[in-house]
file query_19.pdb (PDB, C-alpha atoms)
MODEL        1
ATOM      1  CA  MET A   1       3.120  -1.840 -26.489
ATOM      2  CA  MET A   2       3.076  -0.060 -23.182
ATOM      3  CA  SER A   3       5.456  -1.394 -20.579
ATOM      4  CA  CYS A   4       4.372  -2.120 -17.027
ATOM      5  CA  SER A   5       6.484   0.664 -15.599
ATOM      6  CA  ALA A   6       5.079   3.137 -18.156
ATOM      7  CA  ALA A   7       1.605   2.032 -17.080
ATOM      8  CA  ILE A   8       2.459   2.609 -13.432
ATOM      9  CA  ARG A   9       3.747   6.092 -14.279
ATOM     10  CA  GLN A  10       0.409   6.837 -15.893
ATOM     11  CA  MET A  11      -1.649   5.661 -12.950
ATOM     12  CA  PRO A  12      -3.614   8.418 -11.225
ATOM     13  CA  GLN A  13      -1.911   9.485  -8.037
ATOM     14  CA  PRO A  14      -1.594  12.509  -5.806
ATOM     15  CA  PRO A  15       1.198  14.931  -6.829
ATOM     16  CA  HIS A  16       3.181  14.459  -3.625
ATOM     17  CA  LEU A  17       3.949  10.849  -4.417
ATOM     18  CA  SER A  18       7.414  11.087  -5.795
ATOM     19  CA  SER A  19       8.838   7.584  -5.420
ATOM     20  CA  ARG A  20       7.670   5.666  -8.477
ATOM     21  CA  LYS A  21      10.537   3.274  -8.916
ATOM     22  CA  PRO A  22       9.482  -0.267  -9.767
ATOM     23  CA  ILE A  23      10.694  -2.516  -7.027
ATOM     24  CA  PHE A  24       9.682  -5.820  -8.528
ATOM     25  CA  TYR A  25       9.389  -6.955 -12.097
ATOM     26  CA  ARG A  26       8.771 -10.434 -13.455
ATOM     27  CA  LEU A  27       7.847 -11.992 -16.765
ATOM     28  CA  PHE A  28       6.293 -15.480 -16.812
ATOM     29  CA  ARG A  29       3.821 -17.778 -18.537
ATOM     30  CA  ALA A  30       0.556 -17.900 -16.628
ATOM     31  CA  ASP A  31       0.422 -21.119 -14.652
ATOM     32  CA  PRO A  32      -0.269 -21.667 -10.961
ATOM     33  CA  VAL A  33       3.282 -22.784 -10.125
ATOM     34  CA  ALA A  34       4.820 -19.700 -11.796
ATOM     35  CA  VAL A  35       2.290 -17.509  -9.981
ATOM     36  CA  ARG A  36       3.242 -19.044  -6.663
ATOM     37  CA  SER A  37       6.920 -18.564  -7.384
ATOM     38  CA  ALA A  38       6.414 -14.881  -8.340
ATOM     39  CA  LEU A  39       4.327 -14.186  -5.242
ATOM     40  CA  MET A  40       6.837 -15.840  -2.938
ATOM     41  CA  ALA A  41       9.694 -13.845  -4.477
ATOM     42  CA  LEU A  42       7.708 -10.630  -4.044
ATOM     43  CA  ARG A  43       6.901 -11.495  -0.444
ATOM     44  CA  GLU A  44      10.532 -12.172   0.324
ATOM     45  CA  LEU A  45      11.524  -8.844  -1.198
ATOM     46  CA  LEU A  46       8.881  -6.852   0.676
ATOM     47  CA  ALA A  47       9.188  -8.645   3.991
ATOM     48  CA  ARG A  48      12.075  -6.403   4.936
ATOM     49  CA  SER A  49      10.480  -3.100   3.997
ATOM     50  CA  ALA A  50       6.683  -3.073   4.118
ATOM     51  CA  ASP A  51       4.185  -3.738   6.872
ATOM     52  CA  GLU A  52       3.091  -7.346   7.041
ATOM     53  CA  ASP A  53      -0.619  -6.698   6.754
ATOM     54  CA  ALA A  54      -0.141  -4.707   3.535
ATOM     55  CA  VAL A  55       2.084  -7.455   2.100
ATOM     56  CA  ASN A  56      -0.591 -10.030   2.944
ATOM     57  CA  ARG A  57      -3.307  -7.988   1.222
ATOM     58  CA  LEU A  58      -1.066  -7.342  -1.784
ATOM     59  CA  GLU A  59      -0.288 -11.041  -2.121
ATOM     60  CA  LEU A  60      -3.958 -12.015  -2.007
ATOM     61  CA  ALA A  61      -5.038  -9.365  -4.552
ATOM     62  CA  LEU A  62      -2.240 -10.353  -6.947
ATOM     63  CA  ALA A  63      -2.960 -14.056  -6.496
ATOM     64  CA  GLU A  64      -6.574 -13.487  -7.522
ATOM     65  CA  VAL A  65      -5.647 -11.416 -10.594
ATOM     66  CA  LEU A  66      -2.960 -13.869 -11.713
ATOM     67  CA  ASN A  67      -5.146 -16.926 -11.071
ATOM     68  CA  ASN A  68      -7.789 -15.382 -13.309
ATOM     69  CA  ILE A  69      -5.236 -15.026 -16.098
ATOM     70  CA  CYS A  70      -4.155 -18.667 -15.619
ATOM     71  CA  GLN A  71      -7.756 -19.880 -15.666
ATOM     72  CA  HIS A  72      -9.347 -17.725 -18.338
ATOM     73  CA  GLY A  73      -6.573 -15.930 -20.235
ATOM     74  CA  ALA A  74      -6.128 -18.578 -22.915
ATOM     75  CA  GLY A  75      -9.862 -18.576 -23.669
ATOM     76  CA  GLU A  76     -12.237 -21.491 -23.788
ATOM     77  CA  PRO A  77     -10.767 -24.534 -25.587
ATOM     78  CA  ALA A  78     -14.024 -24.888 -27.543
ATOM     79  CA  ALA A  79     -13.662 -21.380 -28.996
ATOM     80  CA  ARG A  80     -10.267 -22.101 -30.581
ATOM     81  CA  PRO A  81      -9.863 -23.317 -34.156
ATOM     82  CA  THR A  82      -9.636 -27.103 -34.342
ATOM     83  CA  GLY A  83      -6.129 -28.375 -33.836
ATOM     84  CA  SER A  84      -4.742 -25.024 -32.668
ATOM     85  CA  ARG A  85      -2.733 -24.962 -29.517
ATOM     86  CA  GLN A  86      -3.131 -21.968 -27.276
ATOM     87  CA  LEU A  87      -0.201 -21.169 -25.057
ATOM     88  CA  ALA A  88      -0.841 -19.778 -21.623
ATOM     89  CA  PRO A  89      -0.680 -15.973 -21.717
ATOM     90  CA  MET A  90       2.627 -14.256 -21.061
ATOM     91  CA  VAL A  91       2.343 -12.089 -17.977
ATOM     92  CA  HIS A  92       4.351  -9.008 -17.039
ATOM     93  CA  LEU A  93       4.037  -8.160 -13.376
ATOM     94  CA  CYS A  94       5.347  -4.876 -12.068
ATOM     95  CA  VAL A  95       5.047  -3.613  -8.502
ATOM     96  CA  ALA A  96       6.138  -0.206  -7.253
ATOM     97  CA  ARG A  97       6.130   1.371  -3.835
ATOM     98  CA  HIS A  98       4.283   4.646  -3.275
ATOM     99  CA  VAL A  99       3.555   6.733  -0.245
ATOM    100  CA  GLY A 100       0.384   5.237   1.181
ATOM    101  CA  GLY A 101       0.219   2.239  -1.098
ATOM    102  CA  ILE A 102       1.805  -0.392  -3.296
ATOM    103  CA  ALA A 103       1.006   0.076  -6.985
ATOM    104  CA  CYS A 104       0.692  -2.945  -9.257
ATOM    105  CA  ALA A 105       0.447  -3.268 -13.015
ATOM    106  CA  ILE A 106      -0.200  -6.591 -14.680
ATOM    107  CA  THR A 107      -0.260  -7.037 -18.433
ATOM    108  CA  ASP A 108      -0.971 -10.245 -20.341
ATOM    109  CA  ASP A 109      -1.534 -11.281 -23.943
ATOM    110  CA  GLY A 110      -4.592 -13.386 -23.187
ATOM    111  CA  ILE A 111      -8.145 -12.826 -24.376
ATOM    112  CA  PRO A 112      -9.817  -9.522 -23.407
ATOM    113  CA  LEU A 113     -11.136  -9.307 -19.877
ATOM    114  CA  PRO A 114     -14.942  -9.408 -19.796
ATOM    115  CA  ILE A 115     -15.705  -5.814 -18.840
ATOM    116  CA  ALA A 116     -18.775  -6.903 -16.889
ATOM    117  CA  LEU A 117     -16.470  -8.278 -14.207
ATOM    118  CA  LEU A 118     -14.972  -4.935 -13.341
ATOM    119  CA  PRO A 119     -17.699  -2.688 -11.917
ATOM    120  CA  PRO A 120     -18.670  -3.396  -8.322
ATOM    121  CA  ALA A 121     -20.442  -6.695  -8.081
ATOM    122  CA  ASN A 122     -21.967  -8.652  -5.295
ATOM    123  CA  CYS A 123     -20.137 -11.258  -3.374
ATOM    124  CA  PRO A 124     -21.340 -14.698  -4.448
ATOM    125  CA  ALA A 125     -22.594 -15.384  -0.940
ATOM    126  CA  ARG A 126     -24.135 -13.069   1.621
ATOM    127  CA  VAL A 127     -24.959 -13.650   5.220
ATOM    128  CA  GLN A 128     -28.592 -12.763   4.596
ATOM    129  CA  ASP A 129     -28.886 -15.483   1.998
ATOM    130  CA  LYS A 130     -30.725 -17.771   4.370
ATOM    131  CA  ASP A 131     -31.284 -20.401   1.737
ATOM    132  CA  MET A 132     -27.563 -20.640   1.232
ATOM    133  CA  ALA A 133     -26.860 -21.074   4.907
ATOM    134  CA  GLU A 134     -29.505 -23.772   5.132
ATOM    135  CA  ASP A 135     -28.739 -25.601   1.946
ATOM    136  CA  VAL A 136     -25.035 -26.213   1.489
ATOM    137  CA  GLU A 137     -25.651 -27.443  -2.041
ATOM    138  CA  LEU A 138     -26.267 -23.818  -3.018
ATOM    139  CA  LEU A 139     -22.874 -22.630  -1.791
ATOM    140  CA  PRO A 140     -20.696 -21.260  -4.575
ATOM    141  CA  GLU A 141     -17.223 -22.796  -4.921
ATOM    142  CA  GLY A 142     -15.858 -19.987  -7.066
ATOM    143  CA  GLY A 143     -16.509 -16.474  -8.259
ATOM    144  CA  PHE A 144     -14.875 -14.893  -5.222
ATOM    145  CA  GLY A 145     -11.791 -13.588  -7.005
ATOM    146  CA  TRP A 146     -13.072 -10.245  -8.311
ATOM    147  CA  HIS A 147     -14.942  -9.587  -5.118
ATOM    148  CA  LEU A 148     -11.682  -9.956  -3.188
ATOM    149  CA  ILE A 149      -9.721  -7.840  -5.679
ATOM    150  CA  ARG A 150     -12.194  -4.973  -5.395
ATOM    151  CA  ASP A 151     -12.191  -5.236  -1.647
ATOM    152  CA  LEU A 152      -8.419  -5.182  -1.268
ATOM    153  CA  THR A 153      -7.516  -2.477  -3.800
ATOM    154  CA  TYR A 154      -8.308   1.033  -4.960
ATOM    155  CA  SER A 155      -7.807   2.933  -8.222
ATOM    156  CA  LEU A 156      -8.529  -0.296 -10.041
ATOM    157  CA  CYS A 157      -8.401   0.299 -13.767
ATOM    158  CA  TYR A 158      -8.298  -1.782 -16.898
ATOM    159  CA  PHE A 159      -7.649  -1.207 -20.553
ATOM    160  CA  ARG A 160      -6.920  -3.267 -23.587
ATOM    161  CA  GLU A 161      -4.125  -2.096 -25.840
ATOM    162  CA  GLY A 162      -3.378  -4.011 -29.014
ATOM    163  CA  ARG A 163      -3.206  -7.645 -28.017
ATOM    164  CA  ARG A 164      -2.604  -7.054 -24.352
ATOM    165  CA  ASN A 165      -4.724  -6.529 -21.263
ATOM    166  CA  LEU A 166      -3.486  -4.098 -18.678
ATOM    167  CA  LEU A 167      -4.845  -4.076 -15.170
ATOM    168  CA  ALA A 168      -3.538  -1.675 -12.557
ATOM    169  CA  PHE A 169      -4.449  -0.984  -8.957
ATOM    170  CA  THR A 170      -3.048   0.130  -5.650
ATOM    171  CA  VAL A 171      -3.043  -1.817  -2.422
ATOM    172  CA  PRO A 172      -3.162   0.684   0.443
ATOM    173  CA  LEU A 173      -0.743   0.608   3.330
ATOM    174  CA  GLY A 174      -1.914   0.447   6.966
ATOM    175  CA  ASP A 175      -4.064   3.476   7.815
ATOM    176  CA  ALA A 176      -4.773   4.326   4.190
ATOM    177  CA  TYR A 177      -6.694   1.071   3.957
ATOM    178  CA  ARG A 178      -9.198   2.340   6.487
ATOM    179  CA  ILE A 179      -9.281   6.014   5.530
ATOM    180  CA  ASN A 180      -8.861   6.280   1.782
ATOM    181  CA  CYS A 181     -10.101   3.033   0.450
ATOM    182  CA  LEU A 182     -13.310   3.483  -1.472
ATOM    183  CA  PRO A 183     -14.524   0.044  -2.430
ATOM    184  CA  GLY A 184     -15.670  -0.308  -5.969
ATOM    185  CA  GLN A 185     -13.764   2.717  -7.261
ATOM    186  CA  PHE A 186     -13.224   1.895 -10.853
ATOM    187  CA  SER A 187     -12.174   3.670 -13.989
ATOM    188  CA  PRO A 188     -12.413   1.721 -17.244
ATOM    189  CA  ASN A 189      -9.547   3.691 -18.720
ATOM    190  CA  CYS A 190      -7.154   5.403 -16.361
ATOM    191  CA  ARG A 191      -4.947   6.976 -18.982
ATOM    192  CA  GLY A 192      -7.027  10.151 -18.904
TER     193      GLY A 192
ATOM    194  CA  MET B   1       0.149 -31.923  -1.036
ATOM    195  CA  LYS B   2       0.915 -33.065   2.482
ATOM    196  CA  LEU B   3      -1.771 -34.076   4.914
ATOM    197  CA  SER B   4      -1.390 -35.883   8.206
ATOM    198  CA  MET B   5      -4.178 -37.827   9.810
ATOM    199  CA  GLN B   6      -4.835 -38.842  13.400
ATOM    200  CA  THR B   7      -7.813 -40.338  15.156
ATOM    201  CA  ARG B   8      -8.395 -38.959  18.645
ATOM    202  CA  ASP B   9     -11.510 -39.588  20.739
ATOM    203  CA  ASP B  10     -13.251 -41.199  17.795
ATOM    204  CA  ARG B  11     -12.697 -38.074  15.723
ATOM    205  CA  LEU B  12     -10.611 -37.789  12.563
ATOM    206  CA  HIS B  13      -8.105 -34.925  12.627
ATOM    207  CA  ILE B  14      -6.723 -33.912   9.261
ATOM    208  CA  SER B  15      -3.822 -31.518   9.452
ATOM    209  CA  VAL B  16      -2.861 -29.629   6.296
ATOM    210  CA  ASP B  17       0.934 -29.623   6.362
ATOM    211  CA  GLU B  18       1.380 -26.928   3.750
ATOM    212  CA  PRO B  19       2.112 -23.213   4.128
ATOM    213  CA  ARG B  20       0.053 -22.300   1.060
ATOM    214  CA  LEU B  21      -3.422 -23.388  -0.009
ATOM    215  CA  ASP B  22      -3.390 -21.799  -3.450
ATOM    216  CA  ALA B  23      -4.271 -22.599  -7.065
ATOM    217  CA  ALA B  24      -1.142 -24.747  -7.424
ATOM    218  CA  VAL B  25      -2.451 -27.281  -4.874
ATOM    219  CA  ALA B  26      -6.186 -26.625  -4.487
ATOM    220  CA  THR B  27      -7.372 -29.527  -6.640
ATOM    221  CA  ALA B  28      -4.894 -31.993  -5.120
ATOM    222  CA  PHE B  29      -5.930 -30.820  -1.651
ATOM    223  CA  LYS B  30      -9.626 -31.284  -2.386
ATOM    224  CA  ASP B  31      -9.162 -34.730  -3.939
ATOM    225  CA  LYS B  32      -6.888 -35.985  -1.193
ATOM    226  CA  VAL B  33      -9.136 -34.811   1.650
ATOM    227  CA  ARG B  34     -12.198 -36.280  -0.066
ATOM    228  CA  GLU B  35     -10.385 -39.597  -0.400
ATOM    229  CA  VAL B  36      -9.457 -39.596   3.294
ATOM    230  CA  LEU B  37     -13.023 -38.659   4.266
ATOM    231  CA  SER B  38     -14.462 -41.512   2.247
ATOM    232  CA  GLN B  39     -12.567 -44.053   4.316
ATOM    233  CA  THR B  40     -14.363 -43.387   7.612
ATOM    234  CA  GLU B  41     -17.614 -41.972   8.916
ATOM    235  CA  GLN B  42     -16.126 -40.252  11.939
ATOM    236  CA  PRO B  43     -16.657 -36.577  12.672
ATOM    237  CA  VAL B  44     -13.828 -34.513  11.224
ATOM    238  CA  THR B  45     -11.544 -31.685  12.260
ATOM    239  CA  LEU B  46      -9.674 -29.951   9.463
ATOM    240  CA  ASP B  47      -6.675 -28.173  10.942
ATOM    241  CA  LEU B  48      -5.376 -25.255   8.855
ATOM    242  CA  GLY B  49      -2.885 -24.198  11.531
ATOM    243  CA  GLN B  50       0.099 -24.427   9.203
ATOM    244  CA  VAL B  51      -1.557 -22.625   6.304
ATOM    245  CA  LEU B  52      -0.255 -19.061   6.155
ATOM    246  CA  PHE B  53      -1.739 -18.137   2.786
ATOM    247  CA  MET B  54      -4.994 -19.125   1.136
ATOM    248  CA  ASP B  55      -6.541 -17.673  -2.025
ATOM    249  CA  SER B  56     -10.021 -18.151  -3.471
ATOM    250  CA  SER B  57      -8.978 -21.454  -5.079
ATOM    251  CA  GLY B  58      -8.095 -22.780  -1.642
ATOM    252  CA  LEU B  59     -11.365 -21.396  -0.289
ATOM    253  CA  GLY B  60     -13.268 -23.085  -3.128
ATOM    254  CA  ALA B  61     -11.617 -26.382  -2.234
ATOM    255  CA  VAL B  62     -12.597 -26.021   1.438
ATOM    256  CA  ILE B  63     -16.194 -25.247   0.409
ATOM    257  CA  ALA B  64     -16.218 -28.248  -1.932
ATOM    258  CA  ILE B  65     -15.025 -30.502   0.910
ATOM    259  CA  PHE B  66     -17.742 -29.106   3.189
ATOM    260  CA  LYS B  67     -20.357 -29.795   0.519
ATOM    261  CA  THR B  68     -19.136 -33.366   0.077
ATOM    262  CA  LEU B  69     -19.998 -34.315   3.636
ATOM    263  CA  PRO B  70     -23.492 -35.455   4.512
ATOM    264  CA  LYS B  71     -25.330 -33.065   6.844
ATOM    265  CA  THR B  72     -25.216 -35.643   9.603
ATOM    266  CA  ARG B  73     -21.424 -35.742   9.641
ATOM    267  CA  GLU B  74     -19.807 -33.066  11.729
ATOM    268  CA  LEU B  75     -16.949 -30.955  10.355
ATOM    269  CA  GLU B  76     -14.944 -28.383  12.225
ATOM    270  CA  ILE B  77     -12.278 -26.179  10.647
ATOM    271  CA  CYS B  78      -9.699 -24.973  13.159
ATOM    272  CA  GLY B  79      -6.242 -23.414  13.447
ATOM    273  CA  ILE B  80      -7.239 -20.491  11.237
ATOM    274  CA  THR B  81      -4.374 -18.007  10.939
ATOM    275  CA  PRO B  82      -5.209 -14.277  10.538
ATOM    276  CA  ASN B  83      -4.291 -14.178   6.858
ATOM    277  CA  VAL B  84      -6.571 -17.125   6.117
ATOM    278  CA  GLU B  85      -9.337 -15.714   8.320
ATOM    279  CA  ARG B  86      -9.359 -12.612   6.098
ATOM    280  CA  VAL B  87     -10.387 -14.678   3.055
ATOM    281  CA  PHE B  88     -13.236 -16.366   4.941
ATOM    282  CA  ARG B  89     -14.386 -12.991   6.272
ATOM    283  CA  LEU B  90     -14.193 -10.946   3.056
ATOM    284  CA  THR B  91     -16.146 -13.593   1.152
ATOM    285  CA  ARG B  92     -18.721 -13.913   4.008
ATOM    286  CA  MET B  93     -17.935 -17.622   4.181
ATOM    287  CA  ASP B  94     -17.143 -17.215   7.881
ATOM    288  CA  ALA B  95     -20.924 -17.094   8.415
ATOM    289  CA  VAL B  96     -21.533 -20.347   6.570
ATOM    290  CA  LEU B  97     -18.596 -22.666   7.186
ATOM    291  CA  PRO B  98     -18.087 -24.403  10.547
ATOM    292  CA  LEU B  99     -15.027 -22.383  11.569
ATOM    293  CA  ARG B 100     -13.533 -22.474  15.023
ATOM    294  CA  LEU B 101     -11.894 -19.078  15.109
ATOM    295  CA  PRO B 102      -9.214 -18.176  17.611
ATOM    296  CA  VAL B 103     -10.419 -16.158  20.598
ATOM    297  CA  GLN B 104     -10.364 -12.485  19.600
ATOM    298  CA  PRO B 105      -8.498  -9.947  21.704
ATOM    299  CA  THR B 106     -10.700  -7.304  23.357
ATOM    300  CA  ASP B 107      -9.516  -4.657  20.882
ATOM    301  CA  LEU B 108     -11.245  -5.713  17.707
ATOM    302  CA  THR B 109      -9.562  -3.166  15.444
ATOM    303  CA  VAL B 110      -7.891  -5.273  12.828
ATOM    304  CA  PRO B 111      -5.722  -3.449  10.279
ATOM    305  CA  GLY B 112      -7.548  -5.158   7.428
ATOM    306  CA  ASP B 113     -10.980  -4.119   8.720
ATOM    307  CA  ARG B 114     -13.049  -1.536   7.003
ATOM    308  CA  PRO B 115     -15.793   0.261   8.882
TER     309      PRO B 115
ENDMDL
END
call {"tool": "encode", "arguments": {"input": "query_19.pdb", "output": "structure tokens"}}
result
Amino acid sequence: MMSCSAAIRQMPQPPHLSSRKPIFYRLFRADPVAVRSALMALRELLARSADEDAVNRLELALAEVLNNICQHGAGEPAARPTGSRQLAPMVHLCVARHVGGIACAITDDGIPLPIALLPPANCPARVQDKDMAEDVELLPEGGFGWHLIRDLTYSLCYFREGRRNLLAFTVPLGDAYRINCLPGQFSPNCRG
Amino acid sequence: MKLSMQTRDDRLHISVDEPRLDAAVATAFKDKVREVLSQTEQPVTLDLGQVLFMDSSGLGAVIAIFKTLPKTRELEICGITPNVERVFRLTRMDAVLPLRLPVQPTDLTVPGDRP
């Protein structure tokens, strides 16, 4: 099985980026309290060294990815054999600092990610959806997670290896967010 | 999940006394606010001034609360911190929800903005 740090080493990146040391690593069962605890620990670690806006964007992108694993990683209860108990997936989270961005790799042993979620997709609600503005009943209460992830990250890639999912992406720092960020950039397999 | 309630000028003010509105508390938040709302028919202000982080679960809870209220009952969401405003903006919910956003400075270049 590929480790998180090995996955980060294999992420596409410009040759001048030399600092690839993982700065944060955590292993936990996917549940919202463990996610909160991991994100708060990461924030505390980065608060001293990274710009606040980038840390805020990183925290939101990771929250959305990890929440998805908590919600969907164990699969639908109805799809499991009768009487079987499905543990929440085990998550490895690895974050490394790069020039221009913060690279993240998340692996979990949950069910495969539906590939349809990954290419650019529309936000559940759009300003021009007049019906939605007029009829609050039509407002979606979920489905925002992947839209946010795509908006906040670049070099988003996913692959399944053995029994694990691996998702990797970079959250750009300050100016890079405006200049280099190409929304919707996606490679289904970044190992090249 | 900590909320504090006050009635001022015949208006119910609900203050969310939590720094994070995330998946760990979203359901409790939604249920508790709905319970409070069911006890009166006053117009409502939901103050998120202490919330420094909100994810899409928190957003979903806010939308669910908004949908609970009858159209005739006024809701205003105020005290929106920049990090929470980002979630409303990126999901386009800023155009739909009754947000009272802080007055913007004249320079509108926000680091998180994309042209």
call {"tool": "atom_distance", "arguments": {"input": "query_19.pdb", "atom1": "CA of Ala95 (chain B)", "atom2": "CA of Thr68 (chain B)"}}
result
18.4 Å
call {"tool": "closest_residue", "arguments": {"input": "query_19.pdb", "among": "B:Ser4, B:Thr27, B:Gln39, B:Gln50", "to": "chain A", "atoms": "all atoms listed in the file"}}
result
B:Thr27
call {"tool": "closest_residue", "arguments": {"input": "query_19.pdb", "among": "A:Ala103, A:Ala47, A:Leu93, A:Val55", "to": "chain B", "atoms": "only C-alpha atoms"}}
result
A:Val55
call {"tool": "closest_residue", "arguments": {"input": "query_19.pdb", "among": "A:Ser155, A:Arg164, A:Leu42, A:Thr107", "to": "Asn56 (chain A)", "atoms": "all atoms listed in the file"}}
result
A:Leu42
call {"tool": "closest_residue", "arguments": {"input": "query_19.pdb", "among": "B:Ser56, B:Phe66, B:Ala61, B:Met1", "to": "Phe88 (chain B)", "atoms": "all atoms listed in the file"}}
result
B:Ser56
call {"tool": "atom_distance", "arguments": {"input": "query_19.pdb", "atom1": "CA of Val91 (chain A)", "atom2": "CA of Asp31 (chain B)"}}
result
29.0 Å
call {"tool": "atom_distance", "arguments": {"input": "query_19.pdb", "atom1": "CA of Ser15 (chain B)", "atom2": "CA of Val96 (chain B)"}}
result
21.1 Å
call {"tool": "closest_residue", "arguments": {"input": "query_19.pdb", "among": "A:Val65, A:Val95, A:Leu27, A:Leu45", "to": "chain B", "atoms": "all atoms listed in the file"}}
result
A:Val65
call {"tool": "resolve_selection", "arguments": {"input": "query_19.pdb", "expression": "the PyMOL selection byres ((chain B and resi 12) around 8)", "output": "list in words"}}
result
Met5, Gln6, Thr7, Arg8, Asp10, Arg11, His13, Ile14, Gln42, Pro43, Val44 and Thr45 of chain B
call {"tool": "interface_residues", "arguments": {"input": "query_19.pdb", "of": "chain B", "to": "chain A", "cutoff": "12 Å", "atoms": "all atoms listed in the file", "output": "number ranges by chain"}}
result
B: 19-27, 30, 52-71, 81-98, 109-115
call {"tool": "resolve_selection", "arguments": {"input": "query_19.pdb", "expression": "the PyMOL selection byres ((chain B and resi 47) around 7)", "output": "PyMOL selection string"}}
result
chain B and resi 14-16+45-46+48-49+77-79
call {"tool": "residues_near_point", "arguments": {"input": "query_19.pdb", "point": "(5.0, -0.5, -4.3)", "cutoff": "10 Å", "atoms": "only C-alpha atoms", "output": "number ranges by chain"}}
result
A: 8, 19-24, 46, 50, 55, 58, 94-104, 170-173
call {"tool": "axis_aligned_box", "arguments": {"input": "query_19.pdb", "around": "region 27-46 of chain B", "padding_each_side": "6 Å", "output": "JSON"}}
result
{"center_x": -11.3, "center_y": -36.8, "center_z": 3.0, "size_x": 24.7, "size_y": 26.5, "size_z": 31.3}
call {"tool": "build_atoms", "arguments": {"input": "query_19.pdb", "residues": "region 69-80 of chain B", "atoms": "N, CA, C and O atoms", "output": "short mmCIF file (atom, residue, chain, number, x, y, z; two decimals), in the frame of the given file"}}
result
data_model
loop_
_atom_site.label_atom_id
_atom_site.label_comp_id
_atom_site.auth_asym_id
_atom_site.auth_seq_id
_atom_site.Cartn_x
_atom_site.Cartn_y
_atom_site.Cartn_z
N LEU B 69 -19.60 -33.57 2.44
CA LEU B 69 -20.00 -34.32 3.64
C LEU B 69 -21.51 -34.33 3.79
O LEU B 69 -22.17 -33.31 3.58
N PRO B 70 -22.06 -35.45 4.21
CA PRO B 70 -23.49 -35.46 4.51
C PRO B 70 -23.76 -34.56 5.72
O PRO B 70 -22.88 -34.36 6.56
N LYS B 71 -24.99 -34.01 5.77
CA LYS B 71 -25.33 -33.06 6.84
C LYS B 71 -25.15 -33.66 8.24
O LYS B 71 -24.93 -32.96 9.21
N THR B 72 -25.29 -34.98 8.30
CA THR B 72 -25.22 -35.64 9.60
C THR B 72 -23.78 -35.80 10.10
O THR B 72 -23.56 -36.14 11.26
N ARG B 73 -22.81 -35.54 9.24
CA ARG B 73 -21.42 -35.74 9.64
C ARG B 73 -20.80 -34.40 10.01
O ARG B 73 -20.76 -33.47 9.21
N GLU B 74 -20.30 -34.34 11.23
CA GLU B 74 -19.81 -33.07 11.73
C GLU B 74 -18.42 -32.73 11.18
O GLU B 74 -17.54 -33.58 11.12
N LEU B 75 -18.25 -31.47 10.79
CA LEU B 75 -16.95 -30.96 10.36
C LEU B 75 -16.64 -29.71 11.16
O LEU B 75 -17.51 -28.87 11.40
N GLU B 76 -15.38 -29.60 11.56
CA GLU B 76 -14.94 -28.38 12.22
C GLU B 76 -13.63 -27.97 11.58
O GLU B 76 -12.75 -28.81 11.36
N ILE B 77 -13.51 -26.68 11.26
CA ILE B 77 -12.28 -26.18 10.65
C ILE B 77 -11.58 -25.32 11.70
O ILE B 77 -12.16 -24.34 12.19
N CYS B 78 -10.36 -25.69 12.07
CA CYS B 78 -9.70 -24.97 13.16
C CYS B 78 -8.29 -24.54 12.76
O CYS B 78 -7.82 -24.83 11.66
N GLY B 79 -7.62 -23.85 13.67
CA GLY B 79 -6.24 -23.41 13.45
C GLY B 79 -6.14 -22.31 12.41
O GLY B 79 -5.13 -22.19 11.71
N ILE B 80 -7.18 -21.49 12.32
CA ILE B 80 -7.24 -20.49 11.24
C ILE B 80 -6.33 -19.31 11.57
O ILE B 80 -6.55 -18.60 12.55
#
